[in-house]
Every structure is written in C-alpha cells, then in structure tokens.
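Novice: You'll find protein.cif just under this line, and it carries mmCIF, N, CA and C atoms.
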```cif
data_my_file
#
loop_
_atom_site.group_PDB
_atom_site.id
_atom_site.type_symbol
_atom_site.label_atom_id
_atom_site.label_comp_id
_atom_site.auth_asym_id
_atom_site.auth_seq_id
_atom_site.Cartn_x
_atom_site.Cartn_y
_atom_site.Cartn_z
ATOM 1 N N MET A 1300 93.675 81.837 55.975
ATOM 2 C CA MET A 1300 92.918 82.859 56.663
ATOM 3 C C MET A 1300 92.511 83.920 55.641
ATOM 4 N N THR A 1301 91.246 84.236 55.609
ATOM 5 C CA THR A 1301 90.735 85.197 54.637
ATOM 6 C C THR A 1301 90.765 86.605 55.217
ATOM 7 N N LYS A 1302 90.889 87.555 54.347
ATOM 8 C CA LYS A 1302 90.868 88.964 54.747
ATOM 9 C C LYS A 1302 89.421 89.396 54.947
ATOM 10 N N LEU A 1303 89.135 89.986 56.094
ATOM 11 C CA LEU A 1303 87.785 90.447 56.406
ATOM 12 C C LEU A 1303 87.674 91.945 56.200
ATOM 13 N N THR A 1304 86.485 92.382 55.797
ATOM 14 C CA THR A 1304 86.220 93.810 55.743
ATOM 15 C C THR A 1304 85.967 94.295 57.174
ATOM 16 N N ASP A 1305 86.008 95.595 57.377
ATOM 17 C CA ASP A 1305 85.751 96.135 58.719
ATOM 18 C C ASP A 1305 84.367 95.746 59.249
ATOM 19 N N PRO A 1306 83.299 95.840 58.435
ATOM 20 C CA PRO A 1306 81.989 95.417 58.960
ATOM 21 C C PRO A 1306 81.935 93.935 59.315
ATOM 22 N N GLN A 1307 82.601 93.086 58.517
ATOM 23 C CA GLN A 1307 82.619 91.655 58.828
ATOM 24 C C GLN A 1307 83.355 91.401 60.137
ATOM 25 N N ARG A 1308 84.483 92.056 60.311
ATOM 26 C CA ARG A 1308 85.251 91.886 61.549
ATOM 27 C C ARG A 1308 84.451 92.384 62.747
ATOM 28 N N SER A 1309 83.793 93.526 62.607
ATOM 29 C CA SER A 1309 82.965 94.074 63.687
ATOM 30 C C SER A 1309 81.827 93.119 64.048
ATOM 31 N N PHE A 1310 81.240 92.497 63.028
ATOM 32 C CA PHE A 1310 80.157 91.541 63.249
ATOM 33 C C PHE A 1310 80.662 90.362 64.075
ATOM 34 N N LEU A 1311 81.817 89.802 63.714
ATOM 35 C CA LEU A 1311 82.377 88.670 64.463
ATOM 36 C C LEU A 1311 82.747 89.064 65.888
ATOM 37 N N VAL A 1312 83.344 90.239 66.057
ATOM 38 C CA VAL A 1312 83.715 90.697 67.397
ATOM 39 C C VAL A 1312 82.467 90.872 68.256
ATOM 40 N N SER A 1313 81.394 91.410 67.679
ATOM 41 C CA SER A 1313 80.165 91.588 68.458
ATOM 42 C C SER A 1313 79.576 90.241 68.856
ATOM 43 N N LEU A 1314 79.673 89.237 67.969
ATOM 44 C CA LEU A 1314 79.204 87.895 68.338
ATOM 45 C C LEU A 1314 80.052 87.307 69.445
ATOM 46 N N LEU A 1315 81.353 87.507 69.360
ATOM 47 C CA LEU A 1315 82.268 87.003 70.390
ATOM 48 C C LEU A 1315 81.974 87.646 71.737
ATOM 49 N N ASN A 1316 81.568 88.909 71.718
ATOM 50 C CA ASN A 1316 81.269 89.634 72.952
ATOM 51 C C ASN A 1316 79.857 89.371 73.460
ATOM 52 N N GLY A 1317 79.108 88.510 72.760
ATOM 53 C CA GLY A 1317 77.794 88.115 73.253
ATOM 54 C C GLY A 1317 76.619 88.866 72.689
ATOM 55 N N ALA A 1318 76.832 89.647 71.647
ATOM 56 C CA ALA A 1318 75.719 90.377 71.042
ATOM 57 C C ALA A 1318 74.766 89.386 70.389
ATOM 58 N N THR A 1319 73.503 89.726 70.376
ATOM 59 C CA THR A 1319 72.496 88.880 69.769
ATOM 60 C C THR A 1319 72.031 89.530 68.485
ATOM 61 N N GLU A 1320 72.570 89.049 67.384
ATOM 62 C CA GLU A 1320 72.159 89.547 66.069
ATOM 63 C C GLU A 1320 71.012 88.670 65.592
ATOM 64 N N ARG A 1321 69.827 89.236 65.452
ATOM 65 C CA ARG A 1321 68.639 88.438 65.146
ATOM 66 C C ARG A 1321 68.247 88.468 63.666
ATOM 67 N N ASN A 1322 68.948 89.225 62.860
ATOM 68 C CA ASN A 1322 68.568 89.334 61.458
ATOM 69 C C ASN A 1322 69.131 88.151 60.675
ATOM 70 N N GLN A 1323 68.300 87.126 60.457
ATOM 71 C CA GLN A 1323 68.792 85.911 59.819
ATOM 72 C C GLN A 1323 69.137 86.117 58.355
ATOM 73 N N SER A 1324 68.661 87.169 57.738
ATOM 74 C CA SER A 1324 68.965 87.406 56.335
ATOM 75 C C SER A 1324 70.121 88.394 56.181
ATOM 76 N N SER A 1325 70.833 88.632 57.250
ATOM 77 C CA SER A 1325 71.962 89.553 57.234
ATOM 78 C C SER A 1325 72.976 89.136 56.178
ATOM 79 N N VAL A 1326 73.304 90.042 55.291
ATOM 80 C CA VAL A 1326 74.277 89.756 54.233
ATOM 81 C C VAL A 1326 75.632 89.425 54.843
ATOM 82 N N ILE A 1327 76.035 90.158 55.849
ATOM 83 C CA ILE A 1327 77.327 89.898 56.491
ATOM 84 C C ILE A 1327 77.322 88.526 57.142
ATOM 85 N N GLY A 1328 76.283 88.210 57.880
ATOM 86 C CA GLY A 1328 76.197 86.913 58.546
ATOM 87 C C GLY A 1328 76.203 85.764 57.549
ATOM 88 N N ASN A 1329 75.462 85.911 56.472
ATOM 89 C CA ASN A 1329 75.418 84.859 55.462
ATOM 90 C C ASN A 1329 76.770 84.684 54.774
ATOM 91 N N THR A 1330 77.458 85.783 54.520
ATOM 92 C CA THR A 1330 78.776 85.709 53.901
ATOM 93 C C THR A 1330 79.763 85.004 54.826
ATOM 94 N N LEU A 1331 79.749 85.372 56.094
ATOM 95 C CA LEU A 1331 80.657 84.749 57.063
ATOM 96 C C LEU A 1331 80.296 83.283 57.299
ATOM 97 N N ASN A 1332 79.018 82.966 57.205
ATOM 98 C CA ASN A 1332 78.571 81.585 57.335
ATOM 99 C C ASN A 1332 79.152 80.741 56.204
ATOM 100 N N LYS A 1333 79.157 81.258 54.997
ATOM 101 C CA LYS A 1333 79.721 80.537 53.850
ATOM 102 C C LYS A 1333 81.221 80.318 54.012
ATOM 103 N N LYS A 1334 81.884 81.210 54.739
ATOM 104 C CA LYS A 1334 83.318 81.066 55.002
ATOM 105 C C LYS A 1334 83.587 80.186 56.220
ATOM 106 N N GLY A 1335 82.520 79.765 56.919
ATOM 107 C CA GLY A 1335 82.670 78.897 58.081
ATOM 108 C C GLY A 1335 83.042 79.625 59.355
ATOM 109 N N LEU A 1336 82.805 80.935 59.401
ATOM 110 C CA LEU A 1336 83.217 81.715 60.566
ATOM 111 C C LEU A 1336 82.092 81.933 61.579
ATOM 112 N N CYS A 1337 80.856 81.700 61.171
ATOM 113 C CA CYS A 1337 79.732 81.782 62.108
ATOM 114 C C CYS A 1337 78.606 80.900 61.580
ATOM 115 N N ASN A 1338 77.670 80.580 62.461
ATOM 116 C CA ASN A 1338 76.511 79.756 62.123
ATOM 117 C C ASN A 1338 75.263 80.422 62.668
ATOM 118 N N TYR A 1339 74.135 80.187 61.996
ATOM 119 C CA TYR A 1339 72.858 80.695 62.480
ATOM 120 C C TYR A 1339 72.084 79.564 63.124
ATOM 121 N N SER A 1340 71.586 79.795 64.317
ATOM 122 C CA SER A 1340 70.769 78.816 65.028
ATOM 123 C C SER A 1340 69.298 79.208 64.879
ATOM 124 N N TYR A 1341 68.540 78.430 64.136
ATOM 125 C CA TYR A 1341 67.130 78.738 63.944
ATOM 126 C C TYR A 1341 66.309 78.613 65.225
ATOM 127 N N PRO A 1342 66.543 77.573 66.060
ATOM 128 C CA PRO A 1342 65.767 77.504 67.310
ATOM 129 C C PRO A 1342 66.008 78.718 68.222
ATOM 130 N N GLU A 1343 67.258 79.197 68.275
ATOM 131 C CA GLU A 1343 67.583 80.333 69.137
ATOM 132 C C GLU A 1343 67.393 81.668 68.425
ATOM 133 N N ARG A 1344 67.296 81.623 67.089
ATOM 134 C CA ARG A 1344 67.136 82.813 66.258
ATOM 135 C C ARG A 1344 68.266 83.807 66.489
ATOM 136 N N ARG A 1345 69.508 83.287 66.430
ATOM 137 C CA ARG A 1345 70.670 84.155 66.592
ATOM 138 C C ARG A 1345 71.900 83.524 65.953
ATOM 139 N N TRP A 1346 72.894 84.364 65.713
ATOM 140 C CA TRP A 1346 74.159 83.919 65.139
ATOM 141 C C TRP A 1346 75.103 83.482 66.250
ATOM 142 N N HIS A 1347 75.953 82.497 65.943
ATOM 143 C CA HIS A 1347 76.987 82.018 66.861
ATOM 144 C C HIS A 1347 78.311 82.007 66.119
ATOM 145 N N ILE A 1348 79.358 82.468 66.770
ATOM 146 C CA ILE A 1348 80.688 82.453 66.167
ATOM 147 C C ILE A 1348 81.270 81.045 66.297
ATOM 148 N N THR A 1349 81.985 80.602 65.277
ATOM 149 C CA THR A 1349 82.624 79.281 65.309
ATOM 150 C C THR A 1349 84.064 79.436 65.805
ATOM 151 N N GLN A 1350 84.706 78.301 66.060
ATOM 152 C CA GLN A 1350 86.105 78.339 66.477
ATOM 153 C C GLN A 1350 86.967 78.976 65.389
ATOM 154 N N SER A 1351 86.637 78.708 64.140
ATOM 155 C CA SER A 1351 87.366 79.327 63.024
ATOM 156 C C SER A 1351 87.221 80.848 63.052
ATOM 157 N N GLY A 1352 86.041 81.314 63.418
ATOM 158 C CA GLY A 1352 85.823 82.756 63.525
ATOM 159 C C GLY A 1352 86.650 83.380 64.630
ATOM 160 N N ILE A 1353 86.763 82.680 65.749
ATOM 161 C CA ILE A 1353 87.571 83.158 66.874
ATOM 162 C C ILE A 1353 89.034 83.219 66.461
ATOM 163 N N GLU A 1354 89.480 82.173 65.784
ATOM 164 C CA GLU A 1354 90.876 82.155 65.322
ATOM 165 C C GLU A 1354 91.132 83.255 64.297
ATOM 166 N N GLN A 1355 90.145 83.555 63.460
ATOM 167 C CA GLN A 1355 90.277 84.631 62.469
ATOM 168 C C GLN A 1355 90.462 85.976 63.164
ATOM 169 N N ILE A 1356 89.686 86.236 64.206
ATOM 170 C CA ILE A 1356 89.803 87.504 64.938
ATOM 171 C C ILE A 1356 91.169 87.600 65.607
ATOM 172 N N LYS A 1357 91.603 86.523 66.240
ATOM 173 C CA LYS A 1357 92.910 86.526 66.903
ATOM 174 C C LYS A 1357 94.022 86.711 65.890
ATOM 175 N N GLY A 1358 93.873 86.124 64.694
ATOM 176 C CA GLY A 1358 94.879 86.271 63.644
ATOM 177 C C GLY A 1358 94.938 87.685 63.103
ATOM 178 N N ASP A 1359 93.803 88.370 63.055
ATOM 179 C CA ASP A 1359 93.761 89.752 62.582
ATOM 180 C C ASP A 1359 94.464 90.692 63.548
ATOM 181 N N LYS A 1360 94.417 90.387 64.836
ATOM 182 C CA LYS A 1360 95.044 91.247 65.841
ATOM 183 C C LYS A 1360 96.553 91.109 65.841
ATOM 184 N N ALA A 1361 97.034 89.961 65.403
ATOM 185 C CA ALA A 1361 98.489 89.705 65.422
ATOM 186 C C ALA A 1361 99.232 90.543 64.390
#
```
In structure tokens, what does this structure look like?
Specialist:
Amino acid sequence: MTKLTDPQRSFLVSLLNGATERNQSSVIGNTLNKKGLCNYSYPERRWHITQSGIEQIKGDKA
C-alpha cells in the first residue's frame, strides 16, 4: 500500500462519493492511474476508482 498525499486521497474519496472529475490531463488522476488506483474512461469522459483505490482509502482510515 502506497502513501498518498492529501490531494491524492481527497481525489480518490471524491471519486468514491460519485464526483465527476472531467479533467483528463489531471496530474493527480494520471499519477493515481499509474499506481492502479483509478482509471479514466474516454467514452464517459470521467475518472473511475478501482477496487485497489477503495482498499487504499479503507487502509488509510485504519
């Protein structure tokens, strides 16, 4: 499990809560994508949190 910065954690939590982040060139989104914590859907033009991202958030709360 990797250590997330506060903005990265906030980004994942907002995705989990259903926020629609439409900025496909988002540095945070791209960084988290490389870590396997979220994916960008081009047809939907939005980010989606992965199961690994959900587990990362739950692990941070513990």
Novice: What is the distance, in Å and to one decimal place, between atom N of Val1312 (chain A) and atom C of Lys1334 (chain A)?
Specialist: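 Separation of atom N of Val1312 (chain A) and atom C of Lys1334 (chain A): 14.1 Å.
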Novice: Report as a PyMOL selection string the full result of the PyMOL selection byres ((chain A and resi 1348-1355) around 7) when it is applied to this structure.
Specialist: chain A and resi 1300-1301+1311+1314-1315+1335-1338+1346-1347+1356-1360
Novice: When DSSP is applied to the backbone of this structure, which of chain A are assigned strand (DSSP E)? Write them out as a list in words.
Specialist: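 Matching residues, listed in order: Cys1337, Asn1338, Tyr1339, Ser1340, Arg1345, Trp1346, His1347 and Ile1348 of chain A.
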Novice: Would you write out those residues with N, CA and C atoms, as a PDB file, in the frame of the given file?
Specialist:
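Okay, this is what ended up in out33.pdb:
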```pdb
ATOM      1  N   CYS A1337      80.856  81.700  61.171  1.00  0.00           N
ATOM      2  CA  CYS A1337      79.732  81.782  62.108  1.00  0.00           C
ATOM      3  C   CYS A1337      78.606  80.900  61.580  1.00  0.00           C
ATOM      4  N   ASN A1338      77.670  80.580  62.461  1.00  0.00           N
ATOM      5  CA  ASN A1338      76.511  79.756  62.123  1.00  0.00           C
ATOM      6  C   ASN A1338      75.263  80.422  62.668  1.00  0.00           C
ATOM      7  N   TYR A1339      74.135  80.187  61.996  1.00  0.00           N
ATOM      8  CA  TYR A1339      72.858  80.695  62.480  1.00  0.00           C
ATOM      9  C   TYR A1339      72.084  79.564  63.124  1.00  0.00           C
ATOM     10  N   SER A1340      71.586  79.795  64.317  1.00  0.00           N
ATOM     11  CA  SER A1340      70.769  78.816  65.028  1.00  0.00           C
ATOM     12  C   SER A1340      69.298  79.208  64.879  1.00  0.00           C
ATOM     13  N   ARG A1345      69.508  83.287  66.430  1.00  0.00           N
ATOM     14  CA  ARG A1345      70.670  84.155  66.592  1.00  0.00           C
ATOM     15  C   ARG A1345      71.900  83.524  65.953  1.00  0.00           C
ATOM     16  N   TRP A1346      72.894  84.364  65.713  1.00  0.00           N
ATOM     17  CA  TRP A1346      74.159  83.919  65.139  1.00  0.00           C
ATOM     18  C   TRP A1346      75.103  83.482  66.250  1.00  0.00           C
ATOM     19  N   HIS A1347      75.953  82.497  65.943  1.00  0.00           N
ATOM     20  CA  HIS A1347      76.987  82.018  66.861  1.00  0.00           C
ATOM     21  C   HIS A1347      78.311  82.007  66.119  1.00  0.00           C
ATOM     22  N   ILE A1348      79.358  82.468  66.770  1.00  0.00           N
ATOM     23  CA  ILE A1348      80.688  82.453  66.167  1.00  0.00           C
ATOM     24  C   ILE A1348      81.270  81.045  66.297  1.00  0.00           C
TER      25      ILE A1348
END
```
Novice: So that I can check the surroundings of Ile1327 (chain A), please list as a PDB file with N, CA and C atoms, in the frame of the given file every protein, DNA and RNA residue that reaches within 6.5 Å of it, counting all atoms listed in the file and ignoring chain neighbours fewer than 4 positions away.
Specialist:
```
ATOM      1  N   GLN A1307      82.601  93.086  58.517  1.00  0.00           N
ATOM      2  CA  GLN A1307      82.619  91.655  58.828  1.00  0.00           C
ATOM      3  C   GLN A1307      83.355  91.401  60.137  1.00  0.00           C
ATOM      4  N   LEU A1331      79.749  85.372  56.094  1.00  0.00           N
ATOM      5  CA  LEU A1331      80.657  84.749  57.063  1.00  0.00           C
ATOM      6  C   LEU A1331      80.296  83.283  57.299  1.00  0.00           C
ATOM      7  N   ASN A1332      79.018  82.966  57.205  1.00  0.00           N
ATOM      8  CA  ASN A1332      78.571  81.585  57.335  1.00  0.00           C
ATOM      9  C   ASN A1332      79.152  80.741  56.204  1.00  0.00           C
TER      10      ASN A1332
END
```
Novice: Kindly give the distance, in Å, that separates atom N of Thr1330 (chain A) and atom C of Pro1306 (chain A), rounded to a single decimal.
Specialist: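 Taking atom N of Thr1330 (chain A) as the start and atom C of Pro1306 (chain A) as the end point, the length is 10.5 Å.
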Novice: As a PyMOL selection string, list the residues of chain A assigned to helix (DSSP H, G or I) by DSSP on the backbone atoms of this structure.
Specialist: chain A and resi 1305-1315+1326-1333+1350-1360
Novice: How far is it from atom N of Asp1305 (chain A) to CA of Tyr1341 (chain A), in Å with one decimal?
Specialist: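 So the two atoms, atom N of Asp1305 (chain A) and CA of Tyr1341 (chain A), lie 26.1 Å apart.
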